[in-house]
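Some notes on the structure that comes next.
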Amino acid sequence: MDLLDGNLELKEVQKLQGHTDRVWSLAWNPATTATDVPAVFASCSGDKTVRIWEQSPSTRSWDCKAVLEETHTRTVRSCAWSPSGKLLATASFDATTAIWENVGGDFECVSTLEGHENEVKSLCWNASGSLLATCGRDKTVWIWEVMPGNEFECLQVLQGHTQDVKMVQWHPTMDILFSCSYDNTVKVWWSEDADGDWSCVQTLGESSNGHSSTVWSLSFNAKGDKLVTCSDDLTLKIWEADIIRMQSGDGYAPWNHLCTLSGYHDRTVFSVHWSRDGIIASGAADDAIRLFVESKDGLMNGPSYQLLFKKEKAHDMDINSVQWCPGEKHLLASASDDGTIKLWELATLP
Amino acid sequence: MVSGLINANPVVYEKKERRLRNLATLPDEYAVEPIDQQEIFDHIRDIKDPEHPYSLEELKVITEDAIEVDHERSYVRVTFTPTVEHCSMATVIGLCLRVKLMRSLPSRYKMDIRVAPGTHATEAAVNKQLNDKERVAAALENPNLLDMVDECLAPSYG
């Protein structure tokens, strides 16, 4: 499929109902890439539960396989699978993080992480699954070490943001941590030595061409040399770094602003996700899903991005999360305030 | 706890006449009646101020003119004027407005709530909080705050 050749559409594959309040977030199980494993994802909601959805290999339709309830006492805001796909971590407004393990089809809560002073908003496992990062309204980012027997030990509490931290995300290949905040900045955290202290090595703020309002989310491209951020300031920003230099052990390589996509969104952009083959999907408070790609425009110095497709009224209310399926190409899941999850297929028009 | 009220002597205004809707002028009973300024104002005029036994209309915290509605695009913007420049109740009032409208308008409506420019010492900070959906959701899960909001909203369910 040549993405730039026009005539594409986002076709609705299925609408999933079940949650009784807004759906905040969803996460695809990374083990989904294996061919004989049915695709699975988790969703979390204001109804205090997490739902596990699986695609039936025979009917190809999606059903809710499990409801994880009676653990969190408030909204479950975020969820993330460990890289092996065996554990699911969930972050809640009840100030705790729960770790769930799939024990023969049933999900059991095997650990509860406490420490944040108030709402935990996001969490993320690093590429090897040895570390888990959490963040919240208490302005801190916590790094937890995964120990044997599902034990988690807090390695460090990172202070630096001056406001509510909305999202954390590890770099796809290196142990560099990124956090987005209500203070309009993205902070980069790194520990030069293996057993050393983590510190903020860079802040992407307004002076570095950063956002002018809350940064809600960020996502890396497949190579890990570019990242996209989305914000309440109605823009997406693309950033790049010399990752190869950093991978060769030459110290920290800073991130630089590459371009800003403005004029495309009418209301807050809550979620952004970069697919493995280079399509950036955004979900916003105007109920629309937008897709962007790098344009092969030889006239500009450096890459520029263009709007590939806009799906208006993708949902009846705000879209809180968009996530590309890691395995199947061009399958996108979206979660909304309307309590539903939708699955979309990017297809060429006949 | 602050012992004194933020604004012990608010100016109280007269309530506006309530105009009855003239139903006889509706030509088609199935016609969609667009939501207008008056309707939005009717939803919020009787909300009680958190500190005083007066409505937001009586204290001129909200007026009909400070409401913008775009029926075609299902959009509302309410601008309110706190009675005092350093009013710490501004976020509570804003929250009450948002909750009442969320409960009264169709779910497709998008709304922005803000303080009138120049009327509050930390205007930008208040506006940012009031329009951060996640902060509002978390605040409303706080039972004490929710009780306060419901108490202010009670007289407005006419």
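Ordering of the structure tokens sets the chain letters (A, B, ...); residue numbers start at 1 within each chain; ligands are numbered from 1 in the order shown.
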| field | Contacts of Phe93 (chain A) within 7 Å, only C-alpha atoms, excl. fewer than 4 positions in-chain, as a list in words | value | Arg74, Thr75, Val76, Arg77, Asn118, Glu119 and Val120 of chain A; Ala138 of chain B
Can you write just those residues out, all heavy atoms, as a PDB file, in the first residue's frame?
ATOM      1  N   ARG A  74     -10.835   3.648  42.451  1.00  0.00           N
ATOM      2  CA  ARG A  74     -11.170   4.848  41.675  1.00  0.00           C
ATOM      3  C   ARG A  74     -10.842   4.590  40.207  1.00  0.00           C
ATOM      4  O   ARG A  74     -10.379   3.489  39.856  1.00  0.00           O
ATOM      5  CB  ARG A  74     -10.385   6.054  42.210  1.00  0.00           C
ATOM      6  CG  ARG A  74     -10.937   6.585  43.541  1.00  0.00           C
ATOM      7  CD  ARG A  74     -10.166   7.776  44.042  1.00  0.00           C
ATOM      8  NE  ARG A  74     -10.232   8.907  43.100  1.00  0.00           N
ATOM      9  CZ  ARG A  74      -9.654  10.086  43.321  1.00  0.00           C
ATOM     10  NH1 ARG A  74      -8.978  10.291  44.439  1.00  0.00           N
ATOM     11  NH2 ARG A  74      -9.740  11.050  42.437  1.00  0.00           N
ATOM     12  N   THR A  75     -11.053   5.568  39.378  1.00  0.00           N
ATOM     13  CA  THR A  75     -10.739   5.470  37.941  1.00  0.00           C
ATOM     14  C   THR A  75      -9.409   4.758  37.693  1.00  0.00           C
ATOM     15  O   THR A  75      -8.421   5.017  38.371  1.00  0.00           O
ATOM     16  CB  THR A  75     -10.636   6.895  37.351  1.00  0.00           C
ATOM     17  OG1 THR A  75     -11.929   7.442  37.255  1.00  0.00           O
ATOM     18  CG2 THR A  75      -9.979   6.906  35.973  1.00  0.00           C
ATOM     19  N   VAL A  76      -9.392   3.853  36.706  1.00  0.00           N
ATOM     20  CA  VAL A  76      -8.138   3.263  36.259  1.00  0.00           C
ATOM     21  C   VAL A  76      -7.751   4.079  35.034  1.00  0.00           C
ATOM     22  O   VAL A  76      -8.488   4.109  34.041  1.00  0.00           O
ATOM     23  CB  VAL A  76      -8.281   1.768  35.896  1.00  0.00           C
ATOM     24  CG1 VAL A  76      -6.902   1.173  35.637  1.00  0.00           C
ATOM     25  CG2 VAL A  76      -8.974   1.010  37.010  1.00  0.00           C
ATOM     26  N   ARG A  77      -6.614   4.736  35.103  1.00  0.00           N
ATOM     27  CA  ARG A  77      -6.278   5.732  34.092  1.00  0.00           C
ATOM     28  C   ARG A  77      -5.437   5.196  32.948  1.00  0.00           C
ATOM     29  O   ARG A  77      -5.557   5.633  31.822  1.00  0.00           O
ATOM     30  CB  ARG A  77      -5.544   6.900  34.772  1.00  0.00           C
ATOM     31  CG  ARG A  77      -5.076   8.016  33.854  1.00  0.00           C
ATOM     32  CD  ARG A  77      -6.217   8.685  33.196  1.00  0.00           C
ATOM     33  NE  ARG A  77      -5.791   9.728  32.278  1.00  0.00           N
ATOM     34  CZ  ARG A  77      -5.456   9.533  30.998  1.00  0.00           C
ATOM     35  NH1 ARG A  77      -5.492   8.325  30.479  1.00  0.00           N
ATOM     36  NH2 ARG A  77      -5.091  10.555  30.240  1.00  0.00           N
ATOM     37  N   ASN A 118      -0.979  11.038  45.294  1.00  0.00           N
ATOM     38  CA  ASN A 118      -2.349  11.120  44.782  1.00  0.00           C
ATOM     39  C   ASN A 118      -2.405  10.424  43.417  1.00  0.00           C
ATOM     40  O   ASN A 118      -1.591   9.518  43.170  1.00  0.00           O
ATOM     41  CB  ASN A 118      -2.830  12.573  44.737  1.00  0.00           C
ATOM     42  CG  ASN A 118      -1.777  13.508  44.203  1.00  0.00           C
ATOM     43  OD1 ASN A 118      -1.188  13.251  43.154  1.00  0.00           O
ATOM     44  ND2 ASN A 118      -1.519  14.600  44.913  1.00  0.00           N
ATOM     45  N   GLU A 119      -3.342  10.824  42.563  1.00  0.00           N
ATOM     46  CA  GLU A 119      -3.618  10.088  41.317  1.00  0.00           C
ATOM     47  C   GLU A 119      -2.374   9.680  40.517  1.00  0.00           C
ATOM     48  O   GLU A 119      -1.555  10.518  40.167  1.00  0.00           O
ATOM     49  CB  GLU A 119      -4.503  10.934  40.383  1.00  0.00           C
ATOM     50  CG  GLU A 119      -5.877  11.276  40.915  1.00  0.00           C
ATOM     51  CD  GLU A 119      -5.913  12.609  41.637  1.00  0.00           C
ATOM     52  OE1 GLU A 119      -5.749  13.639  40.965  1.00  0.00           O
ATOM     53  OE2 GLU A 119      -6.100  12.613  42.866  1.00  0.00           O
ATOM     54  N   VAL A 120      -2.275   8.378  40.194  1.00  0.00           N
ATOM     55  CA  VAL A 120      -1.230   7.892  39.304  1.00  0.00           C
ATOM     56  C   VAL A 120      -1.831   7.971  37.912  1.00  0.00           C
ATOM     57  O   VAL A 120      -2.966   7.532  37.690  1.00  0.00           O
ATOM     58  CB  VAL A 120      -0.828   6.424  39.609  1.00  0.00           C
ATOM     59  CG1 VAL A 120       0.411   6.051  38.816  1.00  0.00           C
ATOM     60  CG2 VAL A 120      -0.568   6.232  41.097  1.00  0.00           C
TER      61      VAL A 120
ATOM     62  N   ALA B 138     -10.875  13.819  38.207  1.00  0.00           N
ATOM     63  CA  ALA B 138     -10.290  13.390  39.481  1.00  0.00           C
ATOM     64  C   ALA B 138     -10.907  14.187  40.637  1.00  0.00           C
ATOM     65  O   ALA B 138     -11.213  13.627  41.692  1.00  0.00           O
ATOM     66  CB  ALA B 138      -8.783  13.563  39.456  1.00  0.00           C
TER      67      ALA B 138
END
Just list as a tab-separated table (two decimals) with C-alpha atoms, in the first residue's frame whatever in region 9-125 of chain B DSSP marks as strand (DSSP E).
chain	number	residue	atom	x	y	z
B	67	ILE	CA	-22.61	32.78	27.20
B	68	GLU	CA	-21.59	31.85	23.67
B	69	VAL	CA	-23.44	29.01	21.95
B	70	ASP	CA	-22.82	27.56	18.54
B	75	TYR	CA	-20.15	24.25	21.34
B	76	VAL	CA	-20.67	26.38	24.46
B	77	ARG	CA	-18.40	28.86	26.18
B	78	VAL	CA	-19.35	30.33	29.54
B	79	THR	CA	-17.41	33.27	30.91
B	80	PHE	CA	-17.97	34.01	34.58
B	110	LYS	CA	-18.04	20.65	23.86
B	111	MET	CA	-17.65	23.32	26.49
B	112	ASP	CA	-15.09	25.82	27.65
B	113	ILE	CA	-15.45	27.56	31.00
B	114	ARG	CA	-13.32	30.57	31.79
B	115	VAL	CA	-13.12	33.56	34.09
| task | Would you kindly return, as a list in words, each protein, DNA or RNA residue with an atom no farther than 8 Å from any atom of Gly251 (chain A), considering only C-alpha atoms and excluding same-chain residues fewer than 5 positions away? | result |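 Contacts, with the query itself left out: Glu192, Arg245 and Met246 of chain A.
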Include N, CA, C and O atoms and write out the residues we just selected as a PDB file, in the first residue's frame.
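Saved the output as selection02.pdb:
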ATOM      1  N   GLU A 192      23.695   7.770  33.620  1.00  0.00           N
ATOM      2  CA  GLU A 192      24.884   7.475  32.811  1.00  0.00           C
ATOM      3  C   GLU A 192      25.503   6.124  33.171  1.00  0.00           C
ATOM      4  O   GLU A 192      25.893   5.348  32.308  1.00  0.00           O
ATOM      5  N   ARG A 245      24.693   7.880  17.807  1.00  0.00           N
ATOM      6  CA  ARG A 245      25.802   8.402  18.622  1.00  0.00           C
ATOM      7  C   ARG A 245      25.635   7.958  20.069  1.00  0.00           C
ATOM      8  O   ARG A 245      26.586   7.571  20.737  1.00  0.00           O
ATOM      9  N   MET A 246      24.375   8.008  20.526  1.00  0.00           N
ATOM     10  CA  MET A 246      24.121   7.636  21.913  1.00  0.00           C
ATOM     11  C   MET A 246      24.293   6.139  22.110  1.00  0.00           C
ATOM     12  O   MET A 246      24.810   5.694  23.141  1.00  0.00           O
TER      13      MET A 246
END
| field | All alpha helix (DSSP H) positions in chain B, as number ranges by chain | value | B: 37-44, 90-104, 123-130, 133-139, 143-153
With N, CA and C atoms retained, could you export that selection as a compact mmCIF listing (two decimals), in the first residue's frame?
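Below is the file again_8.txt, written as the result:
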# COMPACT_ATOMS: atom_id res chain seq x y z
N GLN B 37 -28.61 30.81 23.98
CA GLN B 37 -28.06 31.46 25.17
C GLN B 37 -29.00 31.38 26.35
N GLN B 38 -30.27 31.67 26.11
CA GLN B 38 -31.27 31.71 27.18
C GLN B 38 -31.38 30.36 27.86
N GLU B 39 -31.36 29.30 27.06
CA GLU B 39 -31.50 27.97 27.63
C GLU B 39 -30.31 27.62 28.51
N ILE B 40 -29.11 27.93 28.02
CA ILE B 40 -27.90 27.66 28.81
C ILE B 40 -27.98 28.46 30.11
N PHE B 41 -28.38 29.72 29.98
CA PHE B 41 -28.47 30.59 31.16
C PHE B 41 -29.48 30.03 32.17
N ASP B 42 -30.62 29.52 31.67
CA ASP B 42 -31.62 28.93 32.55
C ASP B 42 -31.06 27.74 33.33
N HIS B 43 -30.14 27.01 32.73
CA HIS B 43 -29.56 25.85 33.41
C HIS B 43 -28.67 26.28 34.58
N ILE B 44 -28.02 27.43 34.43
CA ILE B 44 -27.00 27.81 35.42
C ILE B 44 -27.32 29.00 36.30
N ALA B 90 -13.18 30.52 42.90
CA ALA B 90 -13.34 30.57 41.45
C ALA B 90 -13.35 29.18 40.82
N THR B 91 -12.44 28.30 41.28
CA THR B 91 -12.40 26.97 40.68
C THR B 91 -13.65 26.17 41.06
N VAL B 92 -14.18 26.38 42.26
CA VAL B 92 -15.39 25.66 42.65
C VAL B 92 -16.56 26.12 41.80
N ILE B 93 -16.67 27.45 41.61
CA ILE B 93 -17.76 27.98 40.79
C ILE B 93 -17.65 27.43 39.37
N GLY B 94 -16.44 27.45 38.82
CA GLY B 94 -16.22 26.94 37.47
C GLY B 94 -16.60 25.48 37.38
N LEU B 95 -16.26 24.72 38.41
CA LEU B 95 -16.58 23.30 38.44
C LEU B 95 -18.09 23.09 38.48
N CYS B 96 -18.79 23.91 39.27
CA CYS B 96 -20.25 23.82 39.34
C CYS B 96 -20.88 24.07 37.97
N LEU B 97 -20.36 25.07 37.28
CA LEU B 97 -20.89 25.40 35.96
C LEU B 97 -20.70 24.22 35.02
N ARG B 98 -19.50 23.66 35.05
CA ARG B 98 -19.18 22.55 34.15
C ARG B 98 -20.06 21.34 34.46
N VAL B 99 -20.20 21.00 35.74
CA VAL B 99 -20.99 19.82 36.11
C VAL B 99 -22.46 20.00 35.73
N LYS B 100 -23.01 21.19 36.01
CA LYS B 100 -24.43 21.41 35.68
C LYS B 100 -24.66 21.28 34.19
N LEU B 101 -23.77 21.86 33.40
CA LEU B 101 -23.94 21.79 31.94
C LEU B 101 -23.71 20.38 31.41
N MET B 102 -22.73 19.68 32.01
CA MET B 102 -22.47 18.29 31.60
C MET B 102 -23.72 17.44 31.81
N ARG B 103 -24.42 17.71 32.93
CA ARG B 103 -25.60 16.92 33.25
C ARG B 103 -26.83 17.38 32.46
N SER B 104 -26.80 18.59 31.93
CA SER B 104 -28.00 19.13 31.28
C SER B 104 -27.98 19.12 29.76
N GLU B 123 -5.89 34.19 36.71
CA GLU B 123 -6.80 33.84 35.62
C GLU B 123 -6.35 32.65 34.78
N ALA B 124 -5.12 32.67 34.30
CA ALA B 124 -4.63 31.61 33.41
C ALA B 124 -4.61 30.27 34.14
N ALA B 125 -4.18 30.29 35.39
CA ALA B 125 -4.09 29.05 36.17
C ALA B 125 -5.47 28.46 36.42
N VAL B 126 -6.44 29.33 36.75
CA VAL B 126 -7.82 28.86 37.00
C VAL B 126 -8.41 28.29 35.72
N ASN B 127 -8.25 29.02 34.62
CA ASN B 127 -8.79 28.55 33.33
C ASN B 127 -8.20 27.21 32.93
N LYS B 128 -6.90 27.07 33.14
CA LYS B 128 -6.24 25.82 32.73
C LYS B 128 -6.81 24.64 33.51
N GLN B 129 -6.98 24.83 34.82
CA GLN B 129 -7.51 23.75 35.65
C GLN B 129 -8.93 23.39 35.27
N LEU B 130 -9.75 24.43 35.02
CA LEU B 130 -11.15 24.19 34.72
C LEU B 130 -11.35 23.47 33.40
N LYS B 133 -9.72 18.15 31.48
CA LYS B 133 -10.72 17.12 31.70
C LYS B 133 -10.31 16.09 32.75
N GLU B 134 -9.04 15.76 32.78
CA GLU B 134 -8.56 14.75 33.71
C GLU B 134 -8.57 15.28 35.14
N ARG B 135 -8.17 16.54 35.31
CA ARG B 135 -8.19 17.19 36.63
C ARG B 135 -9.63 17.31 37.13
N VAL B 136 -10.54 17.65 36.23
CA VAL B 136 -11.95 17.79 36.61
C VAL B 136 -12.48 16.43 37.04
N ALA B 137 -12.19 15.39 36.27
CA ALA B 137 -12.67 14.04 36.60
C ALA B 137 -12.14 13.58 37.95
N ALA B 138 -10.88 13.82 38.21
CA ALA B 138 -10.29 13.39 39.48
C ALA B 138 -10.91 14.19 40.64
N ALA B 139 -11.12 15.49 40.42
CA ALA B 139 -11.71 16.34 41.47
C ALA B 139 -13.10 15.85 41.84
N PRO B 143 -15.23 12.96 47.35
CA PRO B 143 -16.60 13.07 47.86
C PRO B 143 -16.92 14.42 48.51
N ASN B 144 -15.95 15.01 49.20
CA ASN B 144 -16.21 16.30 49.85
C ASN B 144 -16.49 17.39 48.82
N LEU B 145 -15.67 17.39 47.77
CA LEU B 145 -15.84 18.39 46.72
C LEU B 145 -17.16 18.16 45.98
N LEU B 146 -17.45 16.89 45.73
CA LEU B 146 -18.68 16.56 45.02
C LEU B 146 -19.90 17.00 45.83
N ASP B 147 -19.83 16.83 47.15
CA ASP B 147 -20.94 17.26 48.02
C ASP B 147 -21.13 18.77 47.94
N MET B 148 -20.00 19.49 47.94
CA MET B 148 -20.08 20.95 47.86
C MET B 148 -20.71 21.37 46.54
N VAL B 149 -20.29 20.73 45.46
CA VAL B 149 -20.83 21.04 44.14
C VAL B 149 -22.33 20.75 44.11
N ASP B 150 -22.73 19.58 44.60
CA ASP B 150 -24.14 19.20 44.58
C ASP B 150 -24.99 20.16 45.41
N GLU B 151 -24.41 20.65 46.49
CA GLU B 151 -25.16 21.60 47.32
C GLU B 151 -25.40 22.90 46.57
N CYS B 152 -24.38 23.34 45.81
CA CYS B 152 -24.52 24.57 45.02
C CYS B 152 -25.50 24.37 43.88
N LEU B 153 -25.52 23.15 43.35
CA LEU B 153 -26.36 22.87 42.18
C LEU B 153 -27.82 22.63 42.55
| message | With only C-alpha atoms as the counted atoms, please give the residues lying no more than 7 Å from His120 (chain B), apart from itself and same-chain residues fewer than 2 positions off, as a ChimeraX atom specification. | response | /B:85-86,118,122-123
| task | Do a neighbour search on Glu51 (chain B) at 12 Å with only C-alpha atoms, toss out local chain neighbours closer than 3 positions, and write the hits as a list in words. | result | Gly4, Leu5, Ile6, Asn7, Ala8, Asn9, Pro10, Ile47, Lys48, Tyr54, Ser55, Leu56, Leu59, Pro82, Thr83, Cys87, Ser88, Met89, Ala90, Val92, Ile93, Met148, Val149, Glu151 and Cys152 of chain B
Each residue of chain A with at least one atom at most 10 Å from chain B should appear once, together with its nearest atom pair and the corresponding distance in Å (one decimal); atoms considered: only C-alpha atoms; ordering: chain, then increasing residue number; output as JSON lines.
{"residue": "A:Trp24", "atom": "CA", "partner": "B:Glu134", "partner_atom": "CA", "distance": 9.5}
{"residue": "A:Gly46", "atom": "CA", "partner": "B:Ala137", "partner_atom": "CA", "distance": 8.8}
{"residue": "A:Arg74", "atom": "CA", "partner": "B:Glu141", "partner_atom": "CA", "distance": 7.5}
{"residue": "A:Thr75", "atom": "CA", "partner": "B:Ala138", "partner_atom": "CA", "distance": 8.1}
{"residue": "A:Arg77", "atom": "CA", "partner": "B:Glu134", "partner_atom": "CA", "distance": 9.3}
{"residue": "A:Phe93", "atom": "CA", "partner": "B:Ala138", "partner_atom": "CA", "distance": 6.9}
{"residue": "A:Asp94", "atom": "CA", "partner": "B:Ala138", "partner_atom": "CA", "distance": 9.6}
{"residue": "A:Asn118", "atom": "CA", "partner": "B:Ala138", "partner_atom": "CA", "distance": 9.8}
{"residue": "A:Glu119", "atom": "CA", "partner": "B:Ala138", "partner_atom": "CA", "distance": 7.7}
{"residue": "A:Lys121", "atom": "CA", "partner": "B:Glu134", "partner_atom": "CA", "distance": 9.3}
{"residue": "A:Arg137", "atom": "CA", "partner": "B:Arg135", "partner_atom": "CA", "distance": 8.9}
{"residue": "A:Asp164", "atom": "CA", "partner": "B:Arg135", "partner_atom": "CA", "distance": 9.2}
{"residue": "A:Lys166", "atom": "CA", "partner": "B:Glu134", "partner_atom": "CA", "distance": 9.3}
{"residue": "A:Tyr182", "atom": "CA", "partner": "B:Asp132", "partner_atom": "CA", "distance": 9.2}
{"residue": "A:Ser213", "atom": "CA", "partner": "B:Lys128", "partner_atom": "CA", "distance": 8.7}
{"residue": "A:Thr214", "atom": "CA", "partner": "B:Asp132", "partner_atom": "CA", "distance": 8.9}
{"residue": "A:Asp232", "atom": "CA", "partner": "B:Asp132", "partner_atom": "CA", "distance": 8.8}
{"residue": "A:Arg267", "atom": "CA", "partner": "B:Lys110", "partner_atom": "CA", "distance": 9.3}
{"residue": "A:Thr268", "atom": "CA", "partner": "B:Asp132", "partner_atom": "CA", "distance": 9.3}
{"residue": "A:Ala285", "atom": "CA", "partner": "B:Lys110", "partner_atom": "CA", "distance": 8.4}
{"residue": "A:Asp286", "atom": "CA", "partner": "B:Lys110", "partner_atom": "CA", "distance": 8.1}
{"residue": "A:Asp287", "atom": "CA", "partner": "B:Arg108", "partner_atom": "CA", "distance": 9.2}
{"residue": "A:His315", "atom": "CA", "partner": "B:Arg108", "partner_atom": "CA", "distance": 9.8}
{"residue": "A:Asp316", "atom": "CA", "partner": "B:Arg108", "partner_atom": "CA", "distance": 6.3}
{"residue": "A:Met317", "atom": "CA", "partner": "B:Arg108", "partner_atom": "CA", "distance": 6.0}
{"residue": "A:Asp318", "atom": "CA", "partner": "B:Arg108", "partner_atom": "CA", "distance": 8.9}
{"residue": "A:Asp337", "atom": "CA", "partner": "B:Ser107", "partner_atom": "CA", "distance": 9.5}
{"residue": "A:Asp338", "atom": "CA", "partner": "B:Ser107", "partner_atom": "CA", "distance": 8.4}
Write out the residues from the selection above, keeping C-alpha atoms, as a PDB file, in the first residue's frame.
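Result saved to part_31.pdb:
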ATOM      1  CA  TRP A  24      -9.229   6.359  29.207  1.00  0.00           C
ATOM      2  CA  GLY A  46     -13.587   5.520  34.836  1.00  0.00           C
ATOM      3  CA  ARG A  74     -11.170   4.848  41.675  1.00  0.00           C
ATOM      4  CA  THR A  75     -10.739   5.470  37.941  1.00  0.00           C
ATOM      5  CA  ARG A  77      -6.278   5.732  34.092  1.00  0.00           C
ATOM      6  CA  PHE A  93      -6.558   7.689  40.633  1.00  0.00           C
ATOM      7  CA  ASP A  94      -6.633   5.739  43.921  1.00  0.00           C
ATOM      8  CA  ASN A 118      -2.349  11.120  44.782  1.00  0.00           C
ATOM      9  CA  GLU A 119      -3.618  10.088  41.317  1.00  0.00           C
ATOM     10  CA  LYS A 121      -1.701   8.803  35.679  1.00  0.00           C
ATOM     11  CA  ARG A 137      -0.406  14.517  39.928  1.00  0.00           C
ATOM     12  CA  ASP A 164       0.997  17.186  37.287  1.00  0.00           C
ATOM     13  CA  LYS A 166       0.516  13.174  32.537  1.00  0.00           C
ATOM     14  CA  TYR A 182       0.818  19.941  32.767  1.00  0.00           C
ATOM     15  CA  SER A 213       0.227  24.145  27.089  1.00  0.00           C
ATOM     16  CA  THR A 214      -0.111  20.722  28.744  1.00  0.00           C
ATOM     17  CA  ASP A 232      -3.530  21.037  24.702  1.00  0.00           C
ATOM     18  CA  ARG A 267      -9.381  20.901  20.405  1.00  0.00           C
ATOM     19  CA  THR A 268      -6.929  19.272  22.805  1.00  0.00           C
ATOM     20  CA  ALA A 285     -11.208  16.121  21.967  1.00  0.00           C
ATOM     21  CA  ASP A 286     -12.984  16.988  18.712  1.00  0.00           C
ATOM     22  CA  ASP A 287     -13.936  13.303  18.328  1.00  0.00           C
ATOM     23  CA  HIS A 315     -16.538   8.585  18.205  1.00  0.00           C
ATOM     24  CA  ASP A 316     -19.485  10.469  19.743  1.00  0.00           C
ATOM     25  CA  MET A 317     -17.254  12.098  22.322  1.00  0.00           C
ATOM     26  CA  ASP A 318     -13.601  12.900  23.052  1.00  0.00           C
ATOM     27  CA  ASP A 337     -15.403   9.267  26.616  1.00  0.00           C
ATOM     28  CA  ASP A 338     -18.468   7.669  25.039  1.00  0.00           C
TER      29      ASP A 338
END
| task | For CA of Asp175 (chain A) and CA of Ser191 (chain A), determine how far apart the two atoms are, in Å to one decimal place. | result | 8.2 Å
| query | To one decimal place, how far is CA of Val272 (chain A) from CA of Gly85 (chain A) in Å? | reply |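 Separating CA of Val272 (chain A) from CA of Gly85 (chain A) is a distance of 22.1 Å.
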| message | As an exercise, work out the distance from CA of Val322 (chain A) to CA of Ala39 (chain A) in Å and give it to one decimal place. | response |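 CA of Val322 (chain A) sits 16.2 Å away from CA of Ala39 (chain A).
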